[in-house]
Amino acid sequence: MSRRFFLALVLAPAAIAGFGLVSSRAAPVSYALPEETSAFKPGPNLDVVQNNCTGCHSADYIQTQPRGPKYKKDFWQAEVTKMIKIYGAPISDADVPKIVEYLAATY
């Protein structure tokens, strides 16, 4: 057995154990979030939207989306689908139509 290999075998567990000691002494981090600057408009299924969407973004994000007659149900369906498939939003299949209904009716 070479000296380099022997040192690697001996030192590797010590290095791994050292990482465990460092992380076990880490203190929790806390911080204050800024106050909300906007709110979701009242509408059907508002609670479902708040439960699913505010974990990733504020109502400000929705305010920046295009508006008008052609930006209704199909547009919002595509946006919610994008949030799930592209960004990994953990939205249940049962909540998708409720979110789309809210967005199409309210924005």
# chains A, B, ... in the order shown; residues from 1 in each chain; ligands from 1
call {"tool": "residues_around", "arguments": {"residues": "Leu46 of chain A", "least_positions_apart": "3", "cutoff": "12 Å", "atoms": "only C-alpha atoms", "output": "PyMOL selection string"}}
result
chain A and resi 39-43+49-54+59+95+98-103+105-106
call {"tool": "atom_distance", "arguments": {"atom1": "atom CA of Val80 of chain A", "atom2": "atom CA of Val96 of chain A"}}
result
7.1 Å
call {"tool": "closest_residue", "arguments": {"among": "A:Leu33, A:Ala94, A:Cys56, A:Ala104", "to": "Ala78 of chain A", "atoms": "only C-alpha atoms"}}
result
A:Ala104
call {"tool": "closest_residue", "arguments": {"among": "A:Gly55, A:Tyr107, A:Ala32, A:Met83", "to": "Tyr71 of chain A", "atoms": "only C-alpha atoms"}}
result
A:Tyr107
call {"tool": "atom_distance", "arguments": {"atom1": "atom CA of Ile91 of chain A", "atom2": "atom CA of Thr64 of chain A"}}
result
21.3 Å
